[in-house]
file coords31.pdb (PDB, C-alpha atoms, pLDDT in the B column)
ATOM      1  CA  MET T   1       1.721 -13.774   4.286  1.00 61.00           C
ATOM      2  CA  GLY T   2       0.062 -10.497   5.263  1.00 66.00           C
ATOM      3  CA  ASN T   3       0.412 -11.162   8.973  1.00 83.00           C
ATOM      4  CA  SER T   4       4.144 -11.829   8.718  1.00 89.00           C
ATOM      5  CA  LEU T   5       4.608  -8.583   6.756  1.00 89.00           C
ATOM      6  CA  LYS T   6       2.617  -6.714   9.378  1.00 93.00           C
ATOM      7  CA  LYS T   7       4.565  -8.244  12.280  1.00 93.00           C
ATOM      8  CA  SER T   8       7.837  -7.267  10.617  1.00 95.00           C
ATOM      9  CA  CYS T   9       6.852  -3.737   9.537  1.00 97.00           C
ATOM     10  CA  MET T  10       5.025  -2.569  12.673  1.00 97.00           C
ATOM     11  CA  PRO T  11       8.062  -2.467  15.004  1.00 97.00           C
ATOM     12  CA  LYS T  12      10.340  -1.138  12.235  1.00 97.00           C
ATOM     13  CA  ASN T  13       8.099   1.906  11.925  1.00 97.00           C
ATOM     14  CA  ASP T  14       6.980   2.263  15.539  1.00 97.00           C
ATOM     15  CA  VAL T  15       3.261   1.977  14.776  1.00 97.00           C
ATOM     16  CA  THR T  16       0.465   0.480  16.841  1.00 96.00           C
ATOM     17  CA  GLU T  17      -2.466  -1.694  15.834  1.00 95.00           C
ATOM     18  CA  ASP T  18      -4.695   1.338  16.503  1.00 95.00           C
ATOM     19  CA  GLU T  19      -2.736   3.313  13.895  1.00 97.00           C
ATOM     20  CA  VAL T  20      -2.538   0.683  11.139  1.00 97.00           C
ATOM     21  CA  GLY T  21      -5.113  -1.988  11.977  1.00 94.00           C
ATOM     22  CA  GLU T  22      -7.923  -0.346  10.026  1.00 95.00           C
ATOM     23  CA  ILE T  23      -6.074   0.650   6.832  1.00 97.00           C
ATOM     24  CA  GLU T  24      -7.894  -2.109   4.965  1.00 93.00           C
ATOM     25  CA  ASN T  25     -11.160  -0.411   6.010  1.00 95.00           C
ATOM     26  CA  GLY T  26     -10.078   3.025   4.813  1.00 96.00           C
ATOM     27  CA  LYS T  27      -8.645   4.450   8.041  1.00 97.00           C
ATOM     28  CA  PHE T  28      -5.513   6.250   6.835  1.00 98.00           C
ATOM     29  CA  ILE T  29      -3.762   8.286   9.531  1.00 97.00           C
ATOM     30  CA  GLU T  30      -1.626  10.948   7.878  1.00 97.00           C
ATOM     31  CA  GLU T  31       1.533  10.532   9.966  1.00 97.00           C
ATOM     32  CA  LYS T  32       5.043   9.768   8.739  1.00 98.00           C
ATOM     33  CA  ASN T  33       5.380   6.500  10.684  1.00 98.00           C
ATOM     34  CA  VAL T  34       2.104   5.196   9.189  1.00 98.00           C
ATOM     35  CA  MET T  35       3.216   6.262   5.713  1.00 98.00           C
ATOM     36  CA  CYS T  36       6.509   4.427   6.184  1.00 98.00           C
ATOM     37  CA  TYR T  37       4.692   1.336   7.511  1.00 98.00           C
ATOM     38  CA  ILE T  38       2.752   1.212   4.225  1.00 97.00           C
ATOM     39  CA  ALA T  39       6.023   1.650   2.302  1.00 98.00           C
ATOM     40  CA  CYS T  40       7.530  -1.212   4.323  1.00 97.00           C
ATOM     41  CA  ILE T  41       4.646  -3.514   3.357  1.00 95.00           C
ATOM     42  CA  TYR T  42       5.069  -2.603  -0.320  1.00 95.00           C
ATOM     43  CA  THR T  43       8.858  -3.019  -0.073  1.00 96.00           C
ATOM     44  CA  MET T  44       8.661  -6.448   1.541  1.00 93.00           C
ATOM     45  CA  GLY T  45       6.019  -7.444  -0.995  1.00 91.00           C
ATOM     46  CA  GLY T  46       8.404  -6.592  -3.824  1.00 93.00           C
ATOM     47  CA  ALA T  47       6.717  -3.452  -5.195  1.00 95.00           C
ATOM     48  CA  VAL T  48       9.579  -1.047  -4.392  1.00 96.00           C
ATOM     49  CA  LYS T  49      12.769  -0.764  -6.450  1.00 95.00           C
ATOM     50  CA  ASN T  50      15.560   1.768  -5.879  1.00 95.00           C
ATOM     51  CA  ASN T  51      13.519   3.248  -3.030  1.00 95.00           C
ATOM     52  CA  LYS T  52      10.574   4.007  -5.356  1.00 96.00           C
ATOM     53  CA  LEU T  53       7.139   2.408  -5.474  1.00 96.00           C
ATOM     54  CA  THR T  54       6.834   1.052  -9.019  1.00 96.00           C
ATOM     55  CA  LEU T  55       3.629   0.476 -10.986  1.00 96.00           C
ATOM     56  CA  ASP T  56       4.877  -2.630 -12.829  1.00 96.00           C
ATOM     57  CA  LEU T  57       6.010  -4.240  -9.595  1.00 96.00           C
ATOM     58  CA  MET T  58       2.700  -3.425  -7.903  1.00 96.00           C
ATOM     59  CA  LEU T  59       0.843  -5.152 -10.733  1.00 96.00           C
ATOM     60  CA  LYS T  60       3.154  -8.185 -10.442  1.00 95.00           C
ATOM     61  CA  GLN T  61       2.544  -8.219  -6.699  1.00 91.00           C
ATOM     62  CA  ILE T  62      -1.194  -8.491  -7.346  1.00 93.00           C
ATOM     63  CA  ASP T  63      -0.645 -11.477  -9.640  1.00 93.00           C
ATOM     64  CA  THR T  64       1.406 -13.358  -7.061  1.00 90.00           C
ATOM     65  CA  MET T  65      -0.187 -12.366  -3.738  1.00 87.00           C
ATOM     66  CA  PHE T  66      -3.882 -11.649  -4.249  1.00 90.00           C
ATOM     67  CA  PRO T  67      -6.989 -13.808  -4.736  1.00 92.00           C
ATOM     68  CA  THR T  68      -8.055 -14.288  -8.370  1.00 95.00           C
ATOM     69  CA  GLU T  69     -11.478 -12.721  -7.833  1.00 96.00           C
ATOM     70  CA  VAL T  70     -10.021  -9.291  -6.951  1.00 95.00           C
ATOM     71  CA  LYS T  71      -7.074  -9.095  -9.360  1.00 96.00           C
ATOM     72  CA  ASP T  72      -8.712  -7.367 -12.346  1.00 97.00           C
ATOM     73  CA  GLU T  73     -10.541  -4.719 -10.326  1.00 97.00           C
ATOM     74  CA  LEU T  74      -7.500  -4.072  -8.147  1.00 96.00           C
ATOM     75  CA  LYS T  75      -5.224  -3.690 -11.190  1.00 97.00           C
ATOM     76  CA  ALA T  76      -7.712  -1.260 -12.738  1.00 98.00           C
ATOM     77  CA  ALA T  77      -7.753   0.786  -9.515  1.00 98.00           C
ATOM     78  CA  ILE T  78      -3.958   0.875  -9.352  1.00 97.00           C
ATOM     79  CA  ASN T  79      -3.734   1.916 -12.998  1.00 97.00           C
ATOM     80  CA  SER T  80      -6.228   4.723 -12.381  1.00 98.00           C
ATOM     81  CA  CYS T  81      -4.064   5.914  -9.458  1.00 97.00           C
ATOM     82  CA  LYS T  82      -0.693   5.662 -11.226  1.00 96.00           C
ATOM     83  CA  ASP T  83      -0.252   9.452 -11.473  1.00 96.00           C
ATOM     84  CA  THR T  84      -0.009   9.473  -7.674  1.00 95.00           C
ATOM     85  CA  LEU T  85       3.412   7.846  -8.028  1.00 93.00           C
ATOM     86  CA  LYS T  86       4.737  10.902  -9.896  1.00 92.00           C
ATOM     87  CA  LYS T  87       3.560  13.410  -7.281  1.00 95.00           C
ATOM     88  CA  TYR T  88       5.773  12.269  -4.397  1.00 94.00           C
ATOM     89  CA  LYS T  89       9.527  11.669  -4.345  1.00 92.00           C
ATOM     90  CA  ASP T  90       9.501  10.179  -0.838  1.00 96.00           C
ATOM     91  CA  VAL T  91       8.724   6.438  -0.899  1.00 97.00           C
ATOM     92  CA  CYS T  92       6.711   6.703   2.329  1.00 98.00           C
ATOM     93  CA  GLU T  93       4.493   9.448   0.926  1.00 98.00           C
ATOM     94  CA  SER T  94       4.028   7.831  -2.488  1.00 97.00           C
ATOM     95  CA  SER T  95       3.156   4.502  -0.840  1.00 97.00           C
ATOM     96  CA  TYR T  96       0.661   6.102   1.523  1.00 98.00           C
ATOM     97  CA  TYR T  97      -1.125   8.146  -1.124  1.00 98.00           C
ATOM     98  CA  MET T  98      -1.096   5.266  -3.603  1.00 97.00           C
ATOM     99  CA  ALA T  99      -2.700   2.958  -1.034  1.00 97.00           C
ATOM    100  CA  LYS T 100      -5.248   5.633  -0.133  1.00 98.00           C
ATOM    101  CA  CYS T 101      -6.114   6.285  -3.791  1.00 98.00           C
ATOM    102  CA  THR T 102      -6.464   2.555  -4.430  1.00 97.00           C
ATOM    103  CA  TYR T 103      -8.783   2.206  -1.440  1.00 98.00           C
ATOM    104  CA  ASP T 104     -10.846   5.230  -2.527  1.00 98.00           C
ATOM    105  CA  THR T 105     -11.126   3.819  -6.073  1.00 98.00           C
ATOM    106  CA  ALA T 106     -11.957   0.199  -5.177  1.00 97.00           C
ATOM    107  CA  PRO T 107     -12.697  -0.227  -1.458  1.00 97.00           C
ATOM    108  CA  ASN T 108     -14.473  -3.551  -2.002  1.00 96.00           C
ATOM    109  CA  VAL T 109     -11.277  -5.259  -3.274  1.00 95.00           C
ATOM    110  CA  PHE T 110      -8.648  -3.364  -1.271  1.00 95.00           C
ATOM    111  CA  ILE T 111      -6.615  -5.774   0.869  1.00 91.00           C
ATOM    112  CA  PHE T 112      -3.882  -4.527   3.194  1.00 91.00           C
ATOM    113  CA  PRO T 113      -2.184  -6.181   6.179  1.00 88.00           C
TER     114      PRO T 113
END
call {"tool": "encode", "arguments": {"input": "coords31.pdb", "output": "structure tokens"}}
result
Amino acid sequence: MGNSLKKSCMPKNDVTEDEVGEIENGKFIEEKNVMCYIACIYTMGGAVKNNKLTLDLMLKQIDTMFPTEVKDELKAAINSCKDTLKKYKDVCESSYYMAKCTYDTAPNVFIFP
């Protein structure tokens, strides 16, 4: 599933593998197109509603798309980062900083296409 999301979102946001290929390993490039790529992944995964990244939908996304062994730790990381969602009105920025916070909180269970 992750690869199909990536293949769809990369051209939509004009990003290269060099720019987004290492997000899962903590390489976050602070550029608008990368931020919007992350928002695209969250949107296609069902975590965005009314152009806003939503905590409840992110938690549902974990239940449906992630391996059982990472779910609890990943949910805890997302809950500890939830204030990030209030800081940014732009869906690209909130998605980027939410992903970055989640990685910084739980890098061992962070999965991103």
call {"tool": "residues_around", "arguments": {"input": "coords31.pdb", "residues": "segment 14-19 of chain T", "least_positions_apart": "6", "cutoff": "8 Å", "atoms": "only C-alpha atoms", "output": "JSON, numbers by chain"}}
result
{"T": [29, 33, 34, 37]}
call {"tool": "write_last_selection", "arguments": {"input": "coords31.pdb", "atoms": "C-alpha atoms", "output": "PDB file, in the coordinates of the input"}}
result
ATOM      1  CA  ILE T  29      -3.762   8.286   9.531  1.00 97.00           C
ATOM      2  CA  ASN T  33       5.380   6.500  10.684  1.00 98.00           C
ATOM      3  CA  VAL T  34       2.104   5.196   9.189  1.00 98.00           C
ATOM      4  CA  TYR T  37       4.692   1.336   7.511  1.00 98.00           C
TER       5      TYR T  37
END
call {"tool": "resolve_selection", "arguments": {"input": "coords31.pdb", "expression": "the PyMOL selection byres ((chain T and resi 84-98) around 12)", "output": "ChimeraX atom specification"}}
result
/T:13,20,23,26-43,47-56,58,77-83,99-105,110,112
call {"tool": "write_last_selection", "arguments": {"input": "coords31.pdb", "atoms": "C-alpha atoms", "output": "compact mmCIF listing (two decimals), in the coordinates of the input"}}
result
# COMPACT_ATOMS: atom_id res chain seq x y z
CA ASN T 13 8.10 1.91 11.92
CA VAL T 20 -2.54 0.68 11.14
CA ILE T 23 -6.07 0.65 6.83
CA GLY T 26 -10.08 3.02 4.81
CA LYS T 27 -8.64 4.45 8.04
CA PHE T 28 -5.51 6.25 6.84
CA ILE T 29 -3.76 8.29 9.53
CA GLU T 30 -1.63 10.95 7.88
CA GLU T 31 1.53 10.53 9.97
CA LYS T 32 5.04 9.77 8.74
CA ASN T 33 5.38 6.50 10.68
CA VAL T 34 2.10 5.20 9.19
CA MET T 35 3.22 6.26 5.71
CA CYS T 36 6.51 4.43 6.18
CA TYR T 37 4.69 1.34 7.51
CA ILE T 38 2.75 1.21 4.22
CA ALA T 39 6.02 1.65 2.30
CA CYS T 40 7.53 -1.21 4.32
CA ILE T 41 4.65 -3.51 3.36
CA TYR T 42 5.07 -2.60 -0.32
CA THR T 43 8.86 -3.02 -0.07
CA ALA T 47 6.72 -3.45 -5.20
CA VAL T 48 9.58 -1.05 -4.39
CA LYS T 49 12.77 -0.76 -6.45
CA ASN T 50 15.56 1.77 -5.88
CA ASN T 51 13.52 3.25 -3.03
CA LYS T 52 10.57 4.01 -5.36
CA LEU T 53 7.14 2.41 -5.47
CA THR T 54 6.83 1.05 -9.02
CA LEU T 55 3.63 0.48 -10.99
CA ASP T 56 4.88 -2.63 -12.83
CA MET T 58 2.70 -3.42 -7.90
CA ALA T 77 -7.75 0.79 -9.52
CA ILE T 78 -3.96 0.88 -9.35
CA ASN T 79 -3.73 1.92 -13.00
CA SER T 80 -6.23 4.72 -12.38
CA CYS T 81 -4.06 5.91 -9.46
CA LYS T 82 -0.69 5.66 -11.23
CA ASP T 83 -0.25 9.45 -11.47
CA ALA T 99 -2.70 2.96 -1.03
CA LYS T 100 -5.25 5.63 -0.13
CA CYS T 101 -6.11 6.28 -3.79
CA THR T 102 -6.46 2.56 -4.43
CA TYR T 103 -8.78 2.21 -1.44
CA ASP T 104 -10.85 5.23 -2.53
CA THR T 105 -11.13 3.82 -6.07
CA PHE T 110 -8.65 -3.36 -1.27
CA PHE T 112 -3.88 -4.53 3.19
call {"tool": "atom_distance", "arguments": {"input": "coords31.pdb", "atom1": "atom CA of Met44 of chain T", "atom2": "atom CA of Lys71 of chain T"}}
result
19.3 Å
call {"tool": "residues_near_point", "arguments": {"input": "coords31.pdb", "point": "(0.4, -8.2, 7.8)", "cutoff": "10 Å", "atoms": "all atoms listed in the file", "output": "PyMOL selection string"}}
result
chain T and resi 1-10+20-21+41+112-113
call {"tool": "atom_distance", "arguments": {"input": "coords31.pdb", "atom1": "atom CA of Gly45 of chain T", "atom2": "atom CA of Met65 of chain T"}}
result
8.4 Å
call {"tool": "atom_distance", "arguments": {"input": "coords31.pdb", "atom1": "atom CA of Asp63 of chain T", "atom2": "atom CA of Asn25 of chain T"}}
result
21.9 Å
call {"tool": "closest_residue", "arguments": {"input": "coords31.pdb", "among": "T:Glu24, T:Leu59, T:Lys12, T:Ala106", "to": "Glu73 of chain T", "atoms": "only C-alpha atoms"}}
result
T:Ala106
